[in-house]
Amino acid sequence: MKRLLLATTVLAGLTAVASAADLPRRAAPPPVFVPVPVFTWTGFYAGFNAGYGFDASSSRAPTVIGVNGASTLVPPGTTAVLAFSNGSRNDGFTGGGQIGYNYQFTPGSGFVVGVEADAQYVDFGRER
């Protein structure tokens, strides 16, 4: 009888432990909501630019100027014509930089104010 009671107690104890596996799992907590950041134009910026500038016209015609005696370049009472060659090229390096700051009121509204400063340089040569 003791054996039967002991066997029943052990069997009841093992089934209680095994039934715990049948319990439903606890649901995972819902994910934390993270709002998507709104794009804004507010902030500081800086930049550089470089390039090459050139004159796309193909006119190489000379400059012609008519002068008279009042110009003191020719004797009084006479006229003459002066012509200058336009053979120099108008091209060279261009470059510069800019810095600024923008502030956007109520991000997403589209109303932006800002300040900007820039400096540019063009090297087309001394004779051009």
# chains A, B, ... in the order shown; residues from 1 in each chain; ligands from 1
call {"tool": "residues_around", "arguments": {"residues": "Thr40 (chain A)", "least_positions_apart": "6", "cutoff": "10 Å", "atoms": "only C-alpha atoms", "output": "PyMOL selection string"}}
result
chain A and resi 102-110+112
call {"tool": "select_by_dssp", "arguments": {"residues": "chain A", "states": "strand (DSSP E or B)", "output": "number ranges by chain"}}
result
A: 43-54, 63-68, 79-84, 91-104, 112-123
call {"tool": "write_last_selection", "arguments": {"atoms": "N, CA and C atoms", "output": "compact mmCIF listing (two decimals), in the first residue's frame"}}
result
# COMPACT_ATOMS: atom_id res chain seq x y z
N GLY A 43 20.39 74.71 -39.59
CA GLY A 43 21.76 74.29 -39.36
C GLY A 43 22.79 75.10 -40.13
N PHE A 44 24.03 74.86 -39.80
CA PHE A 44 25.18 75.52 -40.40
C PHE A 44 25.64 74.72 -41.62
N TYR A 45 26.15 75.41 -42.62
CA TYR A 45 26.72 74.71 -43.77
C TYR A 45 27.90 75.49 -44.32
N ALA A 46 28.78 74.80 -45.02
CA ALA A 46 29.95 75.41 -45.66
C ALA A 46 30.28 74.59 -46.90
N GLY A 47 30.90 75.26 -47.87
CA GLY A 47 31.25 74.53 -49.08
C GLY A 47 32.27 75.26 -49.91
N PHE A 48 32.86 74.55 -50.83
CA PHE A 48 33.84 75.11 -51.75
C PHE A 48 33.40 74.81 -53.17
N ASN A 49 33.84 75.64 -54.11
CA ASN A 49 33.56 75.37 -55.51
C ASN A 49 34.78 75.72 -56.33
N ALA A 50 34.96 75.01 -57.41
CA ALA A 50 36.08 75.25 -58.31
C ALA A 50 35.63 74.92 -59.72
N GLY A 51 36.23 75.60 -60.67
CA GLY A 51 35.85 75.34 -62.04
C GLY A 51 36.79 76.02 -63.02
N TYR A 52 36.35 76.04 -64.25
CA TYR A 52 37.13 76.64 -65.32
C TYR A 52 36.18 77.47 -66.16
N GLY A 53 36.51 78.74 -66.35
CA GLY A 53 35.67 79.62 -67.14
C GLY A 53 36.33 79.92 -68.47
N PHE A 54 35.51 80.05 -69.50
CA PHE A 54 36.06 80.34 -70.82
C PHE A 54 35.05 81.13 -71.64
N THR A 63 39.81 95.22 -82.81
CA THR A 63 39.08 96.41 -82.43
C THR A 63 39.64 97.57 -83.24
N VAL A 64 38.77 98.30 -83.92
CA VAL A 64 39.18 99.40 -84.79
C VAL A 64 38.58 100.69 -84.26
N ILE A 65 39.43 101.72 -84.07
CA ILE A 65 38.99 103.01 -83.54
C ILE A 65 39.46 104.11 -84.49
N GLY A 66 38.55 104.98 -84.87
CA GLY A 66 38.92 106.13 -85.68
C GLY A 66 39.29 107.30 -84.78
N VAL A 67 40.41 108.00 -85.06
CA VAL A 67 40.84 109.14 -84.24
C VAL A 67 41.05 110.35 -85.17
N ASN A 68 40.89 111.55 -84.59
CA ASN A 68 41.16 112.77 -85.34
C ASN A 68 42.20 113.62 -84.63
N THR A 79 43.01 112.58 -89.87
CA THR A 79 42.34 111.46 -89.19
C THR A 79 43.16 110.20 -89.41
N ALA A 80 42.94 109.25 -88.54
CA ALA A 80 43.66 107.98 -88.66
C ALA A 80 42.81 106.88 -88.05
N VAL A 81 43.21 105.69 -88.27
CA VAL A 81 42.53 104.52 -87.72
C VAL A 81 43.52 103.73 -86.89
N LEU A 82 43.12 103.37 -85.66
CA LEU A 82 43.94 102.51 -84.80
C LEU A 82 43.26 101.15 -84.70
N ALA A 83 44.01 100.11 -84.81
CA ALA A 83 43.46 98.76 -84.71
C ALA A 83 44.23 97.99 -83.65
N PHE A 84 43.48 97.25 -82.85
CA PHE A 84 44.07 96.44 -81.79
C PHE A 84 43.70 94.98 -82.02
N ASP A 91 40.02 82.89 -70.67
CA ASP A 91 39.69 81.69 -69.94
C ASP A 91 40.63 81.56 -68.76
N GLY A 92 40.23 80.74 -67.78
CA GLY A 92 41.07 80.53 -66.61
C GLY A 92 40.29 79.89 -65.47
N PHE A 93 40.97 79.79 -64.34
CA PHE A 93 40.43 79.13 -63.15
C PHE A 93 39.39 80.02 -62.47
N THR A 94 38.35 79.41 -61.94
CA THR A 94 37.38 80.09 -61.09
C THR A 94 37.19 79.23 -59.84
N GLY A 95 37.00 79.88 -58.71
CA GLY A 95 36.81 79.12 -57.48
C GLY A 95 36.35 80.02 -56.35
N GLY A 96 35.96 79.41 -55.26
CA GLY A 96 35.52 80.17 -54.11
C GLY A 96 34.95 79.28 -53.03
N GLY A 97 34.29 79.92 -52.09
CA GLY A 97 33.69 79.18 -50.99
C GLY A 97 32.51 79.93 -50.42
N GLN A 98 31.69 79.22 -49.65
CA GLN A 98 30.53 79.83 -49.04
C GLN A 98 30.27 79.20 -47.68
N ILE A 99 29.71 80.01 -46.77
CA ILE A 99 29.29 79.54 -45.46
C ILE A 99 27.93 80.17 -45.17
N GLY A 100 27.15 79.53 -44.34
CA GLY A 100 25.85 80.10 -44.00
C GLY A 100 25.17 79.34 -42.88
N TYR A 101 24.05 79.90 -42.47
CA TYR A 101 23.23 79.27 -41.44
C TYR A 101 21.77 79.48 -41.81
N ASN A 102 20.97 78.43 -41.73
CA ASN A 102 19.54 78.49 -42.00
C ASN A 102 18.77 78.12 -40.75
N TYR A 103 17.57 78.70 -40.62
CA TYR A 103 16.66 78.34 -39.53
C TYR A 103 15.28 78.11 -40.13
N GLN A 104 14.71 76.94 -39.87
CA GLN A 104 13.38 76.62 -40.38
C GLN A 104 12.39 76.70 -39.23
N VAL A 112 11.78 79.14 -44.27
CA VAL A 112 13.18 79.11 -43.86
C VAL A 112 13.79 80.50 -44.02
N VAL A 113 14.57 80.93 -43.01
CA VAL A 113 15.35 82.16 -43.12
C VAL A 113 16.81 81.80 -42.90
N GLY A 114 17.71 82.59 -43.47
CA GLY A 114 19.12 82.28 -43.30
C GLY A 114 20.01 83.40 -43.76
N VAL A 115 21.28 83.24 -43.46
CA VAL A 115 22.31 84.17 -43.91
C VAL A 115 23.40 83.36 -44.59
N GLU A 116 24.04 83.98 -45.58
CA GLU A 116 25.10 83.31 -46.32
C GLU A 116 26.15 84.33 -46.70
N ALA A 117 27.39 83.92 -46.68
CA ALA A 117 28.51 84.74 -47.15
C ALA A 117 29.33 83.90 -48.11
N ASP A 118 29.83 84.54 -49.16
CA ASP A 118 30.66 83.80 -50.09
C ASP A 118 31.77 84.70 -50.62
N ALA A 119 32.79 84.06 -51.12
CA ALA A 119 33.92 84.75 -51.75
C ALA A 119 34.28 83.95 -53.00
N GLN A 120 34.47 84.66 -54.11
CA GLN A 120 34.78 84.00 -55.37
C GLN A 120 36.06 84.61 -55.96
N TYR A 121 36.74 83.83 -56.76
CA TYR A 121 37.98 84.25 -57.40
C TYR A 121 37.97 83.81 -58.86
N VAL A 122 38.40 84.70 -59.73
CA VAL A 122 38.49 84.38 -61.16
C VAL A 122 39.90 84.77 -61.63
N ASP A 123 40.59 83.85 -62.27
CA ASP A 123 41.93 84.12 -62.76
C ASP A 123 41.92 84.03 -64.30
call {"tool": "select_by_dssp", "arguments": {"residues": "chain A", "states": "helix (DSSP H, G or I)", "output": "PyMOL selection string"}}
result
chain A and resi 2-22+69-71
call {"tool": "write_last_selection", "arguments": {"atoms": "C-alpha atoms", "output": "mmCIF file, in the first residue's frame"}}
result
data_model
loop_
_atom_site.group_PDB
_atom_site.id
_atom_site.type_symbol
_atom_site.label_atom_id
_atom_site.label_comp_id
_atom_site.auth_asym_id
_atom_site.auth_seq_id
_atom_site.Cartn_x
_atom_site.Cartn_y
_atom_site.Cartn_z
ATOM 1 C CA LYS A 2 2.849 2.342 0.779
ATOM 2 C CA ARG A 3 4.302 1.600 -2.619
ATOM 3 C CA LEU A 4 1.044 2.380 -4.337
ATOM 4 C CA LEU A 5 0.694 5.647 -2.425
ATOM 5 C CA LEU A 6 4.305 6.567 -3.216
ATOM 6 C CA ALA A 7 3.870 5.718 -6.912
ATOM 7 C CA THR A 8 0.664 7.784 -7.123
ATOM 8 C CA THR A 9 2.323 10.751 -5.440
ATOM 9 C CA VAL A 10 5.321 10.585 -7.794
ATOM 10 C CA LEU A 11 3.057 10.249 -10.826
ATOM 11 C CA ALA A 12 0.919 13.194 -9.727
ATOM 12 C CA GLY A 13 4.049 15.278 -9.111
ATOM 13 C CA LEU A 14 5.506 14.478 -12.544
ATOM 14 C CA THR A 15 2.265 15.295 -14.360
ATOM 15 C CA ALA A 16 2.021 18.662 -12.575
ATOM 16 C CA VAL A 17 5.505 19.578 -13.768
ATOM 17 C CA ALA A 18 4.764 18.345 -17.285
ATOM 18 C CA SER A 19 1.527 20.324 -17.463
ATOM 19 C CA ALA A 20 3.460 23.557 -16.969
ATOM 20 C CA ALA A 21 4.773 23.145 -20.529
ATOM 21 C CA ASP A 22 1.198 23.312 -21.757
ATOM 22 C CA GLY A 69 43.483 115.661 -84.604
ATOM 23 C CA ALA A 70 41.620 116.540 -81.371
ATOM 24 C CA SER A 71 42.901 113.352 -79.802
#
call {"tool": "atom_distance", "arguments": {"atom1": "CA of Pro62 (chain A)", "atom2": "CA of Ser85 (chain A)"}}
result
4.6 Å
